[in-house]
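Enquirer: So I've got this file, input02.cif, and it contains mmCIF, C-alpha atoms:
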```cif
data_start
loop_
_atom_site.group_PDB
_atom_site.id
_atom_site.type_symbol
_atom_site.label_atom_id
_atom_site.label_comp_id
_atom_site.auth_asym_id
_atom_site.auth_seq_id
_atom_site.Cartn_x
_atom_site.Cartn_y
_atom_site.Cartn_z
ATOM 1 C CA ALA G 27 19.095 25.698 5.775
ATOM 2 C CA LEU G 28 17.721 22.797 3.719
ATOM 3 C CA PHE G 29 14.413 23.027 5.535
ATOM 4 C CA LYS G 30 14.155 26.744 4.717
ATOM 5 C CA VAL G 31 14.995 26.060 1.069
ATOM 6 C CA SER G 32 12.287 23.388 0.954
ATOM 7 C CA GLN G 33 9.697 25.688 2.536
ATOM 8 C CA ASN G 34 10.566 28.540 0.160
ATOM 9 C CA MET G 35 10.226 26.268 -2.859
ATOM 10 C CA LYS G 36 6.917 24.959 -1.553
ATOM 11 C CA ALA G 37 5.652 28.515 -0.982
ATOM 12 C CA LEU G 38 6.679 29.533 -4.487
ATOM 13 C CA LEU G 39 4.958 26.549 -6.048
ATOM 14 C CA SER G 40 1.809 27.104 -3.983
ATOM 15 C CA ALA G 41 1.688 30.838 -4.725
ATOM 16 C CA ARG G 42 2.073 30.426 -8.468
ATOM 17 C CA TYR G 43 -0.044 27.281 -8.836
ATOM 18 C CA PRO G 44 -2.466 27.042 -5.876
ATOM 19 C CA ASN G 45 -4.483 24.215 -7.421
ATOM 20 C CA ASP G 46 -1.421 21.977 -7.367
ATOM 21 C CA ALA G 47 -1.018 22.532 -3.626
ATOM 22 C CA VAL G 48 -4.404 20.976 -2.828
ATOM 23 C CA PRO G 49 -3.837 17.366 -1.662
ATOM 24 C CA LEU G 50 -5.914 14.494 -2.933
ATOM 25 C CA PRO G 51 -8.914 13.989 -0.656
ATOM 26 C CA ALA G 52 -8.904 10.935 1.586
ATOM 27 C CA THR G 53 -12.237 9.748 0.214
ATOM 28 C CA PRO G 54 -14.020 6.709 1.595
ATOM 29 C CA GLU G 55 -14.071 3.544 -0.471
ATOM 30 C CA THR G 56 -17.833 3.994 -0.890
ATOM 31 C CA TYR G 57 -20.579 6.238 0.477
ATOM 32 C CA LEU G 58 -23.204 5.131 2.985
ATOM 33 C CA PHE G 59 -25.168 7.005 5.607
ATOM 34 C CA ASP G 60 -23.881 7.031 9.178
ATOM 35 C CA GLU G 61 -26.913 5.106 10.400
ATOM 36 C CA HIS G 62 -25.788 2.082 8.393
ATOM 37 C CA LEU G 63 -22.625 1.760 10.489
ATOM 38 C CA ASN G 64 -22.869 -1.509 12.464
ATOM 39 C CA ASN G 65 -26.611 -1.633 11.864
ATOM 40 C CA PRO G 66 -28.083 -5.158 11.657
ATOM 41 C CA GLU G 67 -30.965 -3.883 9.516
ATOM 42 C CA LEU G 68 -30.528 -5.253 5.991
ATOM 43 C CA SER G 69 -27.072 -6.482 6.981
ATOM 44 C CA ASP G 70 -25.882 -9.253 4.688
ATOM 45 C CA ILE G 71 -22.385 -9.804 6.102
ATOM 46 C CA VAL G 72 -21.282 -10.121 9.740
ATOM 47 C CA PHE G 73 -17.670 -9.808 10.819
ATOM 48 C CA PHE G 74 -16.863 -11.318 14.202
ATOM 49 C CA SER G 75 -14.076 -12.410 16.511
ATOM 50 C CA ASP G 76 -13.813 -14.439 19.687
ATOM 51 C CA ARG G 77 -10.879 -12.277 20.820
ATOM 52 C CA ASP G 78 -10.987 -8.941 22.654
ATOM 53 C CA GLY G 79 -13.930 -10.187 24.690
ATOM 54 C CA GLY G 80 -15.787 -11.267 21.567
ATOM 55 C CA TRP G 81 -17.429 -8.860 19.112
ATOM 56 C CA GLU G 82 -19.588 -8.664 16.023
ATOM 57 C CA PHE G 83 -19.954 -6.019 13.360
ATOM 58 C CA HIS G 84 -23.001 -5.938 11.082
ATOM 59 C CA ALA G 85 -22.021 -4.721 7.633
ATOM 60 C CA HIS G 86 -23.399 -4.474 4.117
ATOM 61 C CA LYS G 87 -21.777 -5.949 1.026
ATOM 62 C CA ILE G 88 -22.523 -2.802 -0.967
ATOM 63 C CA ALA G 89 -20.106 -0.918 1.294
ATOM 64 C CA PHE G 90 -17.250 -2.978 -0.140
ATOM 65 C CA THR G 91 -18.102 -2.441 -3.790
ATOM 66 C CA HIS G 92 -14.995 -0.371 -4.491
ATOM 67 C CA VAL G 93 -12.472 -1.936 -2.135
ATOM 68 C CA SER G 94 -9.534 -3.815 -3.594
ATOM 69 C CA ASP G 95 -9.562 -7.368 -4.877
ATOM 70 C CA GLU G 96 -7.105 -8.200 -2.113
ATOM 71 C CA PHE G 97 -9.655 -7.252 0.550
ATOM 72 C CA HIS G 98 -12.343 -9.334 -1.156
ATOM 73 C CA GLN G 99 -9.938 -12.273 -1.155
ATOM 74 C CA LEU G 100 -9.400 -11.719 2.578
ATOM 75 C CA ILE G 101 -13.161 -11.969 3.136
ATOM 76 C CA ASP G 102 -13.385 -15.158 1.061
ATOM 77 C CA GLN G 103 -10.504 -16.739 2.986
ATOM 78 C CA HIS G 104 -12.131 -16.161 6.373
ATOM 79 C CA LYS G 105 -15.752 -16.984 5.598
ATOM 80 C CA VAL G 106 -17.358 -19.400 8.043
ATOM 81 C CA ALA G 107 -19.459 -22.283 6.765
ATOM 82 C CA ASP G 108 -23.163 -21.502 6.964
ATOM 83 C CA THR G 109 -24.782 -23.056 10.031
ATOM 84 C CA GLN G 110 -28.163 -23.035 8.293
ATOM 85 C CA GLN G 111 -27.409 -24.243 4.789
ATOM 86 C CA GLY G 112 -30.026 -23.460 2.223
ATOM 87 C CA ASP G 113 -31.141 -20.248 3.917
ATOM 88 C CA SER G 114 -30.088 -17.561 1.412
ATOM 89 C CA HIS G 115 -31.257 -14.820 3.771
ATOM 90 C CA MET G 116 -28.647 -15.623 6.408
ATOM 91 C CA PRO G 117 -25.793 -13.065 6.457
ATOM 92 C CA VAL G 118 -22.357 -14.284 5.484
ATOM 93 C CA ARG G 119 -20.166 -14.619 8.588
ATOM 94 C CA VAL G 120 -16.479 -13.743 8.433
ATOM 95 C CA ASP G 121 -14.081 -14.574 11.265
ATOM 96 C CA MET G 122 -11.579 -11.719 11.704
ATOM 97 C CA GLY G 123 -9.992 -13.081 14.886
ATOM 98 C CA GLU G 124 -6.689 -13.902 13.162
ATOM 99 C CA VAL G 125 -6.661 -10.721 11.068
ATOM 100 C CA MET G 126 -7.381 -7.620 13.134
ATOM 101 C CA GLN G 127 -8.004 -6.412 16.649
ATOM 102 C CA LYS G 128 -11.355 -4.882 17.566
ATOM 103 C CA ASP G 129 -10.235 -1.243 17.479
ATOM 104 C CA GLU G 130 -8.447 -1.795 14.148
ATOM 105 C CA PHE G 131 -11.534 -3.294 12.536
ATOM 106 C CA HIS G 132 -13.844 -0.597 13.856
ATOM 107 C CA GLY G 133 -11.417 2.028 12.539
ATOM 108 C CA LEU G 134 -11.452 0.306 9.158
ATOM 109 C CA MET G 135 -15.247 0.252 9.086
ATOM 110 C CA GLN G 136 -15.452 3.904 10.126
ATOM 111 C CA PHE G 137 -13.398 4.765 7.101
ATOM 112 C CA VAL G 138 -15.317 2.511 4.705
ATOM 113 C CA TYR G 139 -18.664 3.929 5.805
ATOM 114 C CA GLN G 140 -17.775 7.501 6.783
ATOM 115 C CA GLY G 141 -14.429 8.304 5.179
ATOM 116 C CA ASN G 142 -12.836 9.141 8.517
ATOM 117 C CA ILE G 143 -11.085 7.543 11.482
ATOM 118 C CA VAL G 144 -11.477 8.753 15.049
ATOM 119 C CA VAL G 145 -8.001 8.621 16.586
ATOM 120 C CA ASP G 146 -8.112 9.497 20.297
ATOM 121 C CA GLU G 147 -4.689 8.237 21.315
ATOM 122 C CA GLU G 148 -1.479 10.220 21.221
ATOM 123 C CA LEU G 149 2.027 9.150 20.425
ATOM 124 C CA THR G 150 3.629 8.582 23.845
ATOM 125 C CA ASP G 151 6.466 6.664 25.445
ATOM 126 C CA GLU G 152 3.834 4.662 27.328
ATOM 127 C CA ASN G 153 2.256 3.472 24.074
ATOM 128 C CA ASP G 154 5.660 2.484 22.755
ATOM 129 C CA ALA G 155 6.611 0.687 25.998
ATOM 130 C CA ASN G 156 3.364 -1.286 25.927
ATOM 131 C CA GLY G 157 4.047 -2.343 22.359
ATOM 132 C CA VAL G 158 0.759 -0.852 21.141
ATOM 133 C CA PRO G 159 1.367 1.465 18.160
ATOM 134 C CA PRO G 160 -1.211 4.152 17.379
ATOM 135 C CA LEU G 161 -4.295 3.024 15.470
ATOM 136 C CA ALA G 162 -3.385 4.958 12.315
ATOM 137 C CA GLN G 163 0.038 3.299 12.273
ATOM 138 C CA ARG G 164 -1.487 -0.182 12.434
ATOM 139 C CA LEU G 165 -4.124 0.614 9.804
ATOM 140 C CA LEU G 166 -1.469 2.079 7.501
ATOM 141 C CA GLN G 167 0.183 -1.341 7.344
ATOM 142 C CA PHE G 168 -3.175 -3.036 6.747
ATOM 143 C CA ALA G 169 -4.095 -0.553 3.998
ATOM 144 C CA HIS G 170 -0.776 -1.116 2.260
ATOM 145 C CA ARG G 171 -1.064 -4.895 2.425
ATOM 146 C CA TYR G 172 -4.601 -4.924 1.012
ATOM 147 C CA GLU G 173 -4.135 -1.995 -1.399
ATOM 148 C CA MET G 174 -6.766 0.284 0.133
ATOM 149 C CA ASN G 175 -5.293 3.528 -1.141
ATOM 150 C CA GLY G 176 -7.907 5.903 0.265
ATOM 151 C CA LEU G 177 -7.399 4.491 3.758
ATOM 152 C CA LYS G 178 -3.648 4.621 3.257
ATOM 153 C CA ARG G 179 -3.701 8.356 2.408
ATOM 154 C CA HIS G 180 -5.889 9.055 5.423
ATOM 155 C CA CYS G 181 -3.562 7.133 7.766
ATOM 156 C CA GLU G 182 -0.570 9.035 6.401
ATOM 157 C CA PHE G 183 -2.362 12.295 7.202
ATOM 158 C CA CYS G 184 -3.145 11.107 10.737
ATOM 159 C CA MET G 185 0.467 10.068 11.264
ATOM 160 C CA GLU G 186 1.677 13.471 10.105
ATOM 161 C CA GLU G 187 -0.517 15.010 12.798
ATOM 162 C CA TYR G 188 1.512 13.145 15.442
ATOM 163 C CA LEU G 189 4.592 15.063 14.323
ATOM 164 C CA GLN G 190 3.069 18.535 14.567
ATOM 165 C CA PRO G 191 3.776 19.599 18.205
ATOM 166 C CA VAL G 192 7.123 21.406 18.155
ATOM 167 C CA GLU G 193 7.593 21.842 21.925
ATOM 168 C CA ASP G 194 8.645 18.235 22.391
ATOM 169 C CA PRO G 195 10.070 16.772 19.170
ATOM 170 C CA LYS G 196 9.364 13.064 18.946
ATOM 171 C CA CYS G 197 12.964 12.137 18.193
ATOM 172 C CA GLU G 198 12.871 8.552 19.388
ATOM 173 C CA PHE G 199 10.069 7.606 16.994
ATOM 174 C CA LEU G 200 11.447 9.107 13.786
ATOM 175 C CA ARG G 201 13.670 6.296 12.562
ATOM 176 C CA GLY G 202 10.941 3.729 13.214
ATOM 177 C CA PHE G 203 8.381 5.904 11.447
ATOM 178 C CA ILE G 204 10.604 6.331 8.399
ATOM 179 C CA SER G 205 11.281 2.581 8.239
ATOM 180 C CA LEU G 206 7.527 1.927 8.451
ATOM 181 C CA ALA G 207 6.812 4.478 5.721
ATOM 182 C CA GLU G 208 9.454 2.913 3.479
ATOM 183 C CA ARG G 209 7.956 -0.560 3.944
ATOM 184 C CA CYS G 210 4.476 0.772 3.141
ATOM 185 C CA ASN G 211 5.589 3.008 0.246
ATOM 186 C CA ALA G 212 3.983 5.901 2.140
ATOM 187 C CA ASP G 213 5.722 8.695 0.243
ATOM 188 C CA ASN G 214 3.809 11.565 1.840
ATOM 189 C CA PHE G 215 4.634 10.385 5.346
ATOM 190 C CA ILE G 216 8.290 9.751 4.467
ATOM 191 C CA ARG G 217 8.561 13.328 3.236
ATOM 192 C CA ALA G 218 6.839 14.669 6.361
ATOM 193 C CA CYS G 219 9.247 12.764 8.631
ATOM 194 C CA ALA G 220 12.296 13.917 6.683
ATOM 195 C CA LEU G 221 11.227 17.570 6.757
ATOM 196 C CA TYR G 222 10.396 17.261 10.459
ATOM 197 C CA ALA G 223 13.905 15.948 11.112
ATOM 198 C CA LEU G 224 15.412 18.890 9.239
ATOM 199 C CA GLN G 225 13.230 21.420 11.053
ATOM 200 C CA HIS G 226 14.165 20.113 14.518
ATOM 201 C CA HIS G 227 17.722 19.020 13.778
ATOM 202 C CA GLY G 228 19.284 20.802 16.778
ATOM 203 C CA GLN G 229 16.819 19.440 19.323
ATOM 204 C CA ILE G 230 16.994 15.955 17.840
ATOM 205 C CA CYS G 231 20.788 15.940 18.063
ATOM 206 C CA LYS G 232 20.622 16.875 21.758
ATOM 207 C CA SER G 233 17.971 14.252 22.434
ATOM 208 C CA ILE G 234 19.427 11.170 20.735
ATOM 209 C CA GLY G 235 23.122 12.032 20.427
ATOM 210 C CA ASP G 236 25.503 12.495 17.531
ATOM 211 C CA ALA G 237 25.745 8.826 16.558
ATOM 212 C CA GLU G 238 21.970 8.296 16.283
ATOM 213 C CA THR G 239 21.570 11.663 14.563
ATOM 214 C CA ALA G 240 24.130 10.621 11.949
ATOM 215 C CA LEU G 241 22.170 7.424 11.289
ATOM 216 C CA LEU G 242 18.954 9.413 11.011
ATOM 217 C CA ALA G 243 20.600 11.863 8.587
ATOM 218 C CA LYS G 244 21.771 8.969 6.424
ATOM 219 C CA GLN G 245 18.242 7.555 6.457
ATOM 220 C CA ILE G 246 16.480 10.764 5.404
ATOM 221 C CA GLU G 247 19.113 12.011 2.913
ATOM 222 C CA PRO G 248 17.720 10.205 -0.180
ATOM 223 C CA HIS G 249 14.179 11.318 0.643
ATOM 224 C CA ILE G 250 15.191 14.965 1.044
ATOM 225 C CA ARG G 251 17.128 14.791 -2.222
ATOM 226 C CA GLN G 252 14.140 13.264 -4.021
ATOM 227 C CA HIS G 253 11.756 15.847 -2.550
ATOM 228 C CA LEU G 254 13.894 18.819 -3.606
ATOM 229 C CA GLN G 255 14.540 17.413 -7.070
ATOM 230 C CA SER G 256 10.839 16.714 -7.550
ATOM 231 C CA THR G 257 9.867 20.245 -6.479
ATOM 232 C CA MET G 258 12.501 21.829 -8.712
ATOM 233 C CA TYR G 259 11.331 19.700 -11.621
ATOM 234 C CA ARG G 260 7.724 20.759 -11.089
ATOM 235 C CA LEU G 261 8.766 24.408 -11.025
ATOM 236 C CA ARG G 262 10.670 23.951 -14.289
ATOM 237 C CA VAL G 263 7.806 22.090 -15.964
ATOM 238 C CA LYS G 264 5.344 24.772 -14.893
ATOM 239 C CA LYS G 265 7.661 27.455 -16.253
ATOM 240 C CA ASP G 266 7.869 25.699 -19.628
ATOM 241 C CA GLU G 267 4.082 25.254 -19.696
ATOM 242 C CA CYS G 268 3.618 28.996 -19.163
ATOM 243 C CA GLN G 269 5.966 29.767 -22.025
ATOM 244 C CA LEU G 270 4.150 27.395 -24.360
ATOM 245 C CA ILE G 271 0.661 28.596 -23.421
ATOM 246 C CA HIS G 272 1.282 32.327 -23.251
ATOM 247 C CA GLY G 273 4.178 32.658 -25.625
ATOM 248 C CA VAL G 274 6.033 34.845 -23.143
ATOM 249 C CA SER G 275 9.271 34.514 -21.227
ATOM 250 C CA THR G 276 9.024 33.628 -17.536
ATOM 251 C CA ASP G 277 12.744 33.697 -16.802
ATOM 252 C CA ASN G 278 12.315 36.458 -14.233
ATOM 253 C CA VAL G 279 9.561 34.624 -12.369
ATOM 254 C CA PHE G 280 11.766 31.866 -10.946
#
```
Show me this structure written as structure tokens.

Expert:
Amino acid sequence: ALFKVSQNMKALLSARYPNDAVPLPATPETYLFDEHLNNPELSDIVFFSDRDGGWEFHAHKIAFTHVSDEFHQLIDQHKVADTQQGDSHMPVRVDMGEVMQKDEFHGLMQFVYQGNIVVDEELTDENDANGVPPLAQRLLQFAHRYEMNGLKRHCEFCMEEYLQPVEDPKCEFLRGFISLAERCNADNFIRACALYALQHHGQICKSIGDAETALLAKQIEPHIRQHLQSTMYRLRVKKDECQLIHGVSTDNVF
């Protein structure tokens, strides 16, 4: 019932104010052409690691113009002393071996250069058993730590995509996802998980049992309450705005 109420309120808000329903775009931190991605031509910074078989990534400082100060501090902390001192044309080398795995860094660079992340993996029991979370999940934590908000929004969107298939509700992952979203202040993903839990309540209860379902309900309750209150407030504010602008009563609209 709560899920239906939420969907009806969302539909009403979207129908009356379609511009408000458009989410903020997950824009890249800066814009560069695809051919610049890992291209040594004119590269002035090289990220590398001796792990994962050893790898290098040729980047360009201009690509990081608009990233957070925290990410710039990360680069400064992991710079390697120049092997050819005095040569100003040598690219800066940054050791990322203690910071990120290869697929995580390449995902990060895809977003910085192209505004997108290619996520091939699916959320499966095998992934969970191997202790390897999906790429978007790992990058969400990185984006939160280093205040890369564009990347964070994009990872939230990717994580929401994992929840979409309704034939096999991903019950066992929900509580972990919500805890992750709370730690990362990922409000959009928290809301998506809470609504997903409401939508598939019956199947979730059968899958994880009454005790776990009760814990899940306790976990999502404040987020559902906040979501409904926020939507109701927006409807009320929009109603008042209409009255002020048009000088007419909108009592019958809502």

Enquirer: The PyMOL selection byres ((chain G and resi 164-169) around 12) - which residues does that actually catch in the file I just gave you? List them as an MDAnalysis selection string.

Expert: chainID G and resid 55 93:94 96:97 100 125:138 143 145 157:163 170:185 203 205:212 215

Enquirer: Determine the nearest neighbour of Arg201 (chain G) from the options G:Cys231, G:Ala218, G:Leu242, G:Leu189, counting all atoms listed in the file.

Expert: G:Leu242

Enquirer: Hey, can you check how far CA of His84 (chain G) sits from CA of Ser69 (chain G)?

Expert: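 We find that CA of His84 (chain G) and CA of Ser69 (chain G) lie 5.8 Å from each other.
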
Enquirer: What separation in Å, quoted to one decimal, exists between CA of Phe199 (chain G) and CA of Pro248 (chain G)?

Expert: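 Calculated distance between CA of Phe199 (chain G) and CA of Pro248 (chain G) is 19.0 Å.
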
Enquirer: Work out how far apart CA of Pro66 (chain G) and CA of Phe90 (chain G) are and give it in Å to one decimal.

Expert: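 Taking CA of Pro66 (chain G) as the start and CA of Phe90 (chain G) as the end point, the length is 16.2 Å.
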
Enquirer: Counting only C-alpha atoms, what is within 12 Å of Glu124 (chain G), bar same-chain residues fewer than 6 positions away, as a list in words?

Expert: Phe73, Phe74, Ser75, Asp76, Arg77, Asp78, Leu100, Gln103, His104 and Phe131 of chain G

Enquirer: Would you mind telling me which residue in G:Val144, G:Leu200, G:Val120, G:Ile71 lies nearest to Ile230 (chain G) when using all atoms listed in the file?

Expert: G:Leu200

Enquirer: Measuring atom to atom with all atoms listed in the file, identify which of G:Arg262, G:Arg119, G:His62, G:Arg217 is nearest to Glu247 (chain G).

Expert: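 Of G:Arg262, G:Arg119, G:His62, G:Arg217, the one nearest Glu247 (chain G), counting all atoms listed in the file, is G:Arg217.
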
Enquirer: Between G:Asp70, G:Asp236, G:Glu186, G:Asp95, which residue has the minimum interatomic distance to Asp213 (chain G), considering all atoms listed in the file?

Expert: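 Closest to Asp213 (chain G), using all atoms listed in the file: G:Glu186.
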